Amino acid sequence: MAAAATILVTLVATFLAAALLWPQADAHGSAGWSKPTTDTVKSARAKLPSGSFILSEEQGKRVVLSRLEAMRHGVIVGGSGTGKSRGYFLPNAALANDTSLVCTDPKGELWNLTSGFHPKALRYAPTEPDASECFNWIPLCSDARIAELCARAIVESGQTEKTEQAWIDTETAFLAGVFAHASTLSEPTPLTAYRLFTRQTVESLIQTLLNSPSEAAREQGMVFSQTQERMRGSIVPVVAAKLQFLRDPAVMRFTSASLDPARLGSLRTTPTAVYWCLQEHDIVRLRPLTSLFFSLLLEQLAAEPVKENHAIPVRMLLDEFANIGKIPNFASTLSLARGRGLSIWLGIQSLGQLESEYGKAHARTIVSNCSTKVALSGLDVESAEYFSRALGERTFRKRRLSLHSKTPVSLTGSYTSTKAEHARALLTPDEVRRIREDQAIVIVGNRRPMLLAKNYYSKPAFTAHTSPLPFARAETIVERRKEPPPLPVELLQYGARPRRAAGSSRRAGHLRRA
């Protein structure tokens, strides 16, 4: 027994020595978790640095991305009710310091809970004109490029994958011509543009564009007049249908209560918080208007002349991004936004939701341009597989000890220790899906991923003041009617024979003549 015990002790010692002396395996991958670095951990009582972004808060400490890292954009993926708003958009909207904000607010909670923290807060609520700013884009359409931008945002806001590009371009050009002409009228409002469609015939509308003071409108009218009559008859009602949201009295006031155009480029010079407040049941109906708002916003931010040392960082917090409508050329805009001092953070329910709106290729470009990626619990299978692949694989060793003995019950003989290296995902898709509800997977650039505690914003409401809008304004549209053709000379000389009244008989006619 003493010999057997000695052999067993020797075997265990050999096994432990081998485990300590073997080098770290990375043949199949070296993925692993990391902890926040000291430069990213800040006190919860400290003032948030300008342009930074809060990733987590726990036990009086915050994990904060620097302005440089936040400018590289981010995407937060989590199903409905998993805490995208409470964990990320609310705290970053409330605590932003010396930073301009643009927030989508489908639930109304961002405005109610955070708008009062900002010295200047603007609320754009299309269905609530009694508590909203006015959004009139028509005066800006005197610039042909802006007119084309606004028209394309409306035309391409829906599902256009199955529509031929020629139809999209023709509809865009025609609508741009209408916007350009409306900008020359005494009441340049969206309601005026809509009435140009609804208060006159197609022929009269074309004639209006041909006689417009706007060169862009005349050009589009000339091009459109040369298209086939069948094509003209199809395009005009389709374009008019995409402006149907202007029939809503609330939207009329929201877009047409003022003749002053929206000037959103000032966000780069003055810290301002802008909230796009649209209730969830109105998102689909007003997609064209939402797409137009953000397209014009991005254009004005890019065009605003600002000195580099005096530029205010602008952050866009776009919750429910895939539901706000397709923003034309957003993938390319995202890649250029960082150079314009603009950081964009998207909140989506799944990667498939983004693909259904922008297409697979553009959706991949959008996600790739987001340096920081955050995954919350309960992801769908496709999104969980994406994050599992992004986390990478690690190498683990499986050890096996073999005893070669002459008799089955003897502990004497030779021993063989073997090892085999295998690859394993840091987290499988199932494990990604089943992380705790108070946790979040965070991948920042080329760093190792972090498993952080999810923040929960619970401060009381602090709401800014708003004022009601006046009534909508619009031009009176008078149809250009063609003059009736002249009567033949014979009728002018002898007079036209009167038509017989309906239901009268020839005999009655003879009696009257008698």
# chains A, B, ... in the order shown; residues from 1 in each chain; ligands from 1
>>> residues_around(residues="Gly325 in chain A", least_positions_apart="3", cutoff="7 Å", atoms="only C-alpha atoms", output="PyMOL selection string")
chain A and resi 157-158+287-288+290-291+322
>>> write_last_selection(atoms="C-alpha atoms", output="compact mmCIF listing (two decimals), in the first residue's frame")
# COMPACT_ATOMS: atom_id res chain seq x y z
CA SER A 157 -38.86 56.32 -47.49
CA GLY A 158 -40.84 53.14 -48.17
CA ARG A 287 -42.23 57.52 -42.33
CA PRO A 288 -41.84 59.94 -45.28
CA THR A 290 -39.38 61.32 -40.53
CA SER A 291 -37.03 60.37 -43.34
CA ALA A 322 -35.16 50.72 -38.33
>>> residues_around(residues="Arg473 in chain A", least_positions_apart="5", cutoff="7 Å", atoms="only C-alpha atoms", output="ChimeraX atom specification")
/A:187,189,256-257
>>> write_last_selection(atoms="N, CA and C atoms", output="PDB file, in the first residue's frame")
ATOM      1  N   GLU A 187     -46.997  81.961 -50.061  1.00  0.00           N
ATOM      2  CA  GLU A 187     -47.170  81.107 -48.896  1.00  0.00           C
ATOM      3  C   GLU A 187     -46.382  79.806 -49.131  1.00  0.00           C
ATOM      4  N   THR A 189     -45.292  76.802 -48.178  1.00  0.00           N
ATOM      5  CA  THR A 189     -45.452  75.789 -47.140  1.00  0.00           C
ATOM      6  C   THR A 189     -45.690  74.421 -47.781  1.00  0.00           C
ATOM      7  N   SER A 256     -46.823  73.641 -41.661  1.00  0.00           N
ATOM      8  CA  SER A 256     -47.210  74.830 -42.434  1.00  0.00           C
ATOM      9  C   SER A 256     -47.676  75.997 -41.583  1.00  0.00           C
ATOM     10  N   ALA A 257     -47.381  75.990 -40.287  1.00  0.00           N
ATOM     11  CA  ALA A 257     -47.824  77.093 -39.428  1.00  0.00           C
ATOM     12  C   ALA A 257     -46.908  78.307 -39.514  1.00  0.00           C
TER      13      ALA A 257
END
>>> atom_distance(atom1="CA of Val75 in chain A", atom2="CA of Val155 in chain A")
26.5 Å
>>> closest_residue(among="A:Asp248, A:Glu431, A:Asp260, A:Glu299", to="Leu376 in chain A", atoms="only C-alpha atoms")
A:Glu431
>>> residues_around(residues="Leu297 in chain A", least_positions_apart="4", cutoff="7 Å", atoms="only C-alpha atoms", output="PDB file with C-alpha atoms, in the first residue's frame")
ATOM      1  CA  LEU A 264     -30.789  72.810 -37.775  1.00  0.00           C
ATOM      2  CA  PHE A 293     -36.484  65.447 -41.272  1.00  0.00           C
ATOM      3  CA  LEU A 301     -25.064  69.778 -40.144  1.00  0.00           C
TER       4      LEU A 301
END
>>> atom_distance(atom1="CA of Arg338 in chain A", atom2="CA of Met71 in chain A")
5.7 Å
>>> residues_around(residues="range 65-68 of chain A", least_positions_apart="3", cutoff="9 Å", atoms="only C-alpha atoms", output="list of chain:residue names")
A:Asp39, A:Thr40, A:Val41, A:Pro49, A:Ser50, A:Gly51, A:Ser52, A:Phe53, A:Ile54, A:Leu55, A:Met71, A:Arg72, A:Pro313
>>> residues_around(residues="Tyr456 in chain A", least_positions_apart="3", cutoff="12 Å", atoms="only C-alpha atoms", output="list in words")
Ile54, Leu55, Ser56, Glu57, Glu58, Thr82, Gly83, Lys84, Ser85, Arg86, Gly87, Tyr88, Phe89, Leu90, Pro91, Asn92, Glu437, Asp438, Gln439, Ala453 and Lys459 of chain A
>>> write_last_selection(atoms="C-alpha atoms", output="PDB file, in the first residue's frame")
ATOM      1  CA  ILE A  54     -21.881  56.257 -20.762  1.00  0.00           C
ATOM      2  CA  LEU A  55     -21.700  52.469 -21.179  1.00  0.00           C
ATOM      3  CA  SER A  56     -22.350  51.321 -17.626  1.00  0.00           C
ATOM      4  CA  GLU A  57     -22.853  52.530 -14.061  1.00  0.00           C
ATOM      5  CA  GLU A  58     -22.479  50.452 -10.915  1.00  0.00           C
ATOM      6  CA  THR A  82     -34.741  44.949 -22.807  1.00  0.00           C
ATOM      7  CA  GLY A  83     -33.583  48.384 -21.652  1.00  0.00           C
ATOM      8  CA  LYS A  84     -32.139  50.220 -24.660  1.00  0.00           C
ATOM      9  CA  SER A  85     -33.810  53.459 -23.582  1.00  0.00           C
ATOM     10  CA  ARG A  86     -33.379  53.178 -19.801  1.00  0.00           C
ATOM     11  CA  GLY A  87     -29.875  51.797 -19.993  1.00  0.00           C
ATOM     12  CA  TYR A  88     -28.308  53.963 -22.700  1.00  0.00           C
ATOM     13  CA  PHE A  89     -30.418  56.657 -24.380  1.00  0.00           C
ATOM     14  CA  LEU A  90     -31.934  58.209 -21.235  1.00  0.00           C
ATOM     15  CA  PRO A  91     -28.718  58.606 -19.194  1.00  0.00           C
ATOM     16  CA  ASN A  92     -26.756  59.909 -22.176  1.00  0.00           C
ATOM     17  CA  GLU A 437     -31.079  40.855 -17.903  1.00  0.00           C
ATOM     18  CA  ASP A 438     -28.863  43.214 -15.919  1.00  0.00           C
ATOM     19  CA  GLN A 439     -25.816  42.527 -18.130  1.00  0.00           C
ATOM     20  CA  ALA A 453     -23.589  45.804 -15.693  1.00  0.00           C
ATOM     21  CA  LYS A 459     -34.213  60.092 -12.037  1.00  0.00           C
TER      22      LYS A 459
END
>>> select_by_dssp(residues="range 252-291 of chain A", states="strand (DSSP E)", output="mmCIF file with N, CA and C atoms, in the first residue's frame")
data_model
loop_
_atom_site.group_PDB
_atom_site.id
_atom_site.type_symbol
_atom_site.label_atom_id
_atom_site.label_comp_id
_atom_site.auth_asym_id
_atom_site.auth_seq_id
_atom_site.Cartn_x
_atom_site.Cartn_y
_atom_site.Cartn_z
ATOM 1 N N ALA A 273 -30.647 70.590 -27.703
ATOM 2 C CA ALA A 273 -31.216 69.242 -27.694
ATOM 3 C C ALA A 273 -32.479 69.241 -28.560
ATOM 4 N N VAL A 274 -32.496 68.407 -29.575
ATOM 5 C CA VAL A 274 -33.633 68.289 -30.492
ATOM 6 C C VAL A 274 -34.263 66.916 -30.291
ATOM 7 N N TYR A 275 -35.576 66.905 -30.086
ATOM 8 C CA TYR A 275 -36.305 65.652 -29.856
ATOM 9 C C TYR A 275 -37.333 65.468 -30.975
ATOM 10 N N TRP A 276 -37.245 64.327 -31.648
ATOM 11 C CA TRP A 276 -38.252 63.970 -32.656
ATOM 12 C C TRP A 276 -39.238 63.025 -31.971
#
>>> residues_around(residues="Asp380 in chain A", least_positions_apart="6", cutoff="12 Å", atoms="only C-alpha atoms", output="list in words")
Val77, Gly78, Gly79, Ser80, Ile348, Gln349, Ser350, Leu351, Gly352, Gln353, Tyr386, Phe387, Pro429, Asp430, Glu431, Val432, Arg433 and Arg434 of chain A
>>> select_by_dssp(residues="range 146-395 of chain A", states="alpha helix (DSSP H)", output="ChimeraX atom specification")
/A:146-155,165-182,190-198,202-210,215-225,229-241,249-256,287-303,330-337,351-358,360-368,381-391
>>> write_last_selection(atoms="C-alpha atoms", output="short mmCIF file (atom, residue, chain, number, x, y, z; two decimals), in the first residue's frame")
data_model
loop_
_atom_site.label_atom_id
_atom_site.label_comp_id
_atom_site.auth_asym_id
_atom_site.auth_seq_id
_atom_site.Cartn_x
_atom_site.Cartn_y
_atom_site.Cartn_z
CA ILE A 146 -32.16 70.76 -51.44
CA ALA A 147 -35.40 70.32 -53.40
CA GLU A 148 -34.03 67.08 -54.88
CA LEU A 149 -32.81 65.90 -51.44
CA CYS A 150 -36.23 66.47 -49.83
CA ALA A 151 -38.09 64.84 -52.71
CA ARG A 152 -35.84 61.77 -52.68
CA ALA A 153 -36.23 61.36 -48.93
CA ILE A 154 -40.01 61.16 -49.36
CA VAL A 155 -39.99 58.93 -52.44
CA GLN A 165 -34.80 52.96 -60.52
CA ALA A 166 -36.16 54.87 -63.52
CA TRP A 167 -39.54 55.25 -61.83
CA ILE A 168 -37.93 56.36 -58.57
CA ASP A 169 -35.81 58.97 -60.35
CA THR A 170 -38.76 60.28 -62.36
CA GLU A 171 -40.98 60.58 -59.29
CA THR A 172 -38.17 62.32 -57.41
CA ALA A 173 -37.52 64.80 -60.23
CA PHE A 174 -41.20 65.67 -60.57
CA LEU A 175 -41.72 66.16 -56.82
CA ALA A 176 -38.54 68.26 -56.64
CA GLY A 177 -39.98 70.50 -59.36
CA VAL A 178 -43.20 70.96 -57.37
CA PHE A 179 -41.22 71.82 -54.21
CA ALA A 180 -39.07 74.29 -56.14
CA HIS A 181 -42.15 76.04 -57.56
CA ALA A 182 -43.89 76.14 -54.16
CA PRO A 190 -45.78 72.00 -47.56
CA LEU A 191 -49.56 72.38 -47.55
CA THR A 192 -49.25 74.67 -50.58
CA ALA A 193 -47.15 72.03 -52.36
CA TYR A 194 -49.73 69.36 -51.58
CA ARG A 195 -52.57 71.52 -52.93
CA LEU A 196 -50.73 71.95 -56.19
CA PHE A 197 -51.47 68.24 -56.68
CA THR A 198 -55.02 68.14 -55.35
CA VAL A 202 -52.27 66.97 -64.35
CA GLU A 203 -52.20 69.15 -67.48
CA SER A 204 -52.77 72.29 -65.42
CA LEU A 205 -50.01 71.29 -62.97
CA ILE A 206 -47.53 70.78 -65.81
CA GLN A 207 -48.47 74.17 -67.24
CA THR A 208 -47.92 75.71 -63.79
CA LEU A 209 -44.39 74.26 -63.65
CA LEU A 210 -43.61 75.45 -67.19
CA GLU A 215 -35.68 77.56 -63.24
CA ALA A 216 -35.54 74.10 -61.61
CA ALA A 217 -39.34 73.83 -61.70
CA ARG A 218 -39.45 74.87 -65.39
CA GLU A 219 -36.81 72.30 -66.29
CA GLN A 220 -38.66 69.51 -64.52
CA GLY A 221 -41.95 70.61 -66.08
CA MET A 222 -40.39 70.51 -69.54
CA VAL A 223 -38.89 67.06 -68.98
CA PHE A 224 -42.13 65.72 -67.51
CA SER A 225 -44.23 67.12 -70.36
CA GLU A 229 -49.03 60.38 -71.29
CA ARG A 230 -49.53 56.96 -69.70
CA MET A 231 -46.42 57.44 -67.56
CA ARG A 232 -47.51 60.93 -66.50
CA GLY A 233 -50.88 59.59 -65.48
CA SER A 234 -49.23 56.97 -63.29
CA ILE A 235 -46.58 59.11 -61.62
CA VAL A 236 -48.69 62.06 -60.49
CA PRO A 237 -51.16 60.10 -58.31
CA VAL A 238 -48.32 57.99 -56.86
CA VAL A 239 -46.35 61.09 -55.84
CA ALA A 240 -49.48 62.75 -54.46
CA ALA A 241 -50.22 59.62 -52.42
CA PRO A 249 -54.89 68.63 -39.66
CA ALA A 250 -52.24 68.16 -36.96
CA VAL A 251 -49.51 67.55 -39.54
CA MET A 252 -50.76 70.55 -41.54
CA ARG A 253 -50.07 72.80 -38.55
CA PHE A 254 -46.77 71.07 -37.78
CA THR A 255 -45.41 71.68 -41.28
CA SER A 256 -47.21 74.83 -42.43
CA ARG A 287 -42.23 57.52 -42.33
CA PRO A 288 -41.84 59.94 -45.28
CA LEU A 289 -41.87 62.92 -42.93
CA THR A 290 -39.38 61.32 -40.53
CA SER A 291 -37.03 60.37 -43.34
CA LEU A 292 -37.22 63.92 -44.69
CA PHE A 293 -36.48 65.45 -41.27
CA PHE A 294 -33.31 63.44 -40.69
CA SER A 295 -32.10 63.77 -44.28
CA LEU A 296 -32.36 67.56 -44.04
CA LEU A 297 -30.80 67.55 -40.57
CA LEU A 298 -27.72 65.63 -41.76
CA GLU A 299 -27.40 67.89 -44.80
CA GLN A 300 -27.53 71.09 -42.74
CA LEU A 301 -25.06 69.78 -40.14
CA ALA A 302 -22.61 68.91 -42.90
CA ALA A 303 -23.01 72.29 -44.60
CA PHE A 330 -27.28 56.71 -44.80
CA ALA A 331 -24.50 54.11 -45.08
CA SER A 332 -22.17 56.60 -46.77
CA THR A 333 -23.29 59.39 -44.42
CA LEU A 334 -22.31 57.27 -41.44
CA SER A 335 -18.81 56.74 -42.78
CA LEU A 336 -18.29 60.49 -43.27
CA ALA A 337 -20.08 61.76 -40.15
CA LEU A 351 -29.91 42.86 -37.28
CA GLY A 352 -32.62 41.36 -39.49
CA GLN A 353 -34.83 44.37 -38.82
CA LEU A 354 -32.09 46.64 -40.16
CA GLU A 355 -31.60 44.44 -43.24
CA SER A 356 -35.31 44.54 -44.08
CA GLU A 357 -35.19 48.34 -44.25
CA TYR A 358 -31.79 48.98 -45.88
CA LYS A 360 -28.37 43.18 -46.55
CA ALA A 361 -25.36 44.94 -48.10
CA HIS A 362 -26.14 48.40 -46.70
CA ALA A 363 -27.10 46.96 -43.30
CA ARG A 364 -23.71 45.26 -43.05
CA THR A 365 -21.99 48.54 -43.96
CA ILE A 366 -23.95 50.38 -41.27
CA VAL A 367 -23.07 47.85 -38.56
CA SER A 368 -19.42 47.71 -39.67
CA VAL A 381 -30.96 33.67 -33.33
CA GLU A 382 -29.38 35.63 -36.20
CA SER A 383 -28.21 38.48 -33.97
CA ALA A 384 -26.94 36.05 -31.31
CA GLU A 385 -24.90 34.19 -33.94
CA TYR A 386 -23.37 37.48 -35.14
CA PHE A 387 -22.23 38.45 -31.63
CA SER A 388 -20.98 34.94 -30.93
CA ARG A 389 -18.74 35.15 -34.00
CA ALA A 390 -17.65 38.69 -33.08
CA LEU A 391 -16.57 37.54 -29.60
#
>>> closest_residue(among="A:Val374, A:Leu469, A:Pro106, A:Ala311", to="Gly341 in chain A", atoms="only C-alpha atoms")
A:Ala311
>>> atom_distance(atom1="CA of Gly116 in chain A", atom2="CA of Leu278 in chain A")
18.9 Å
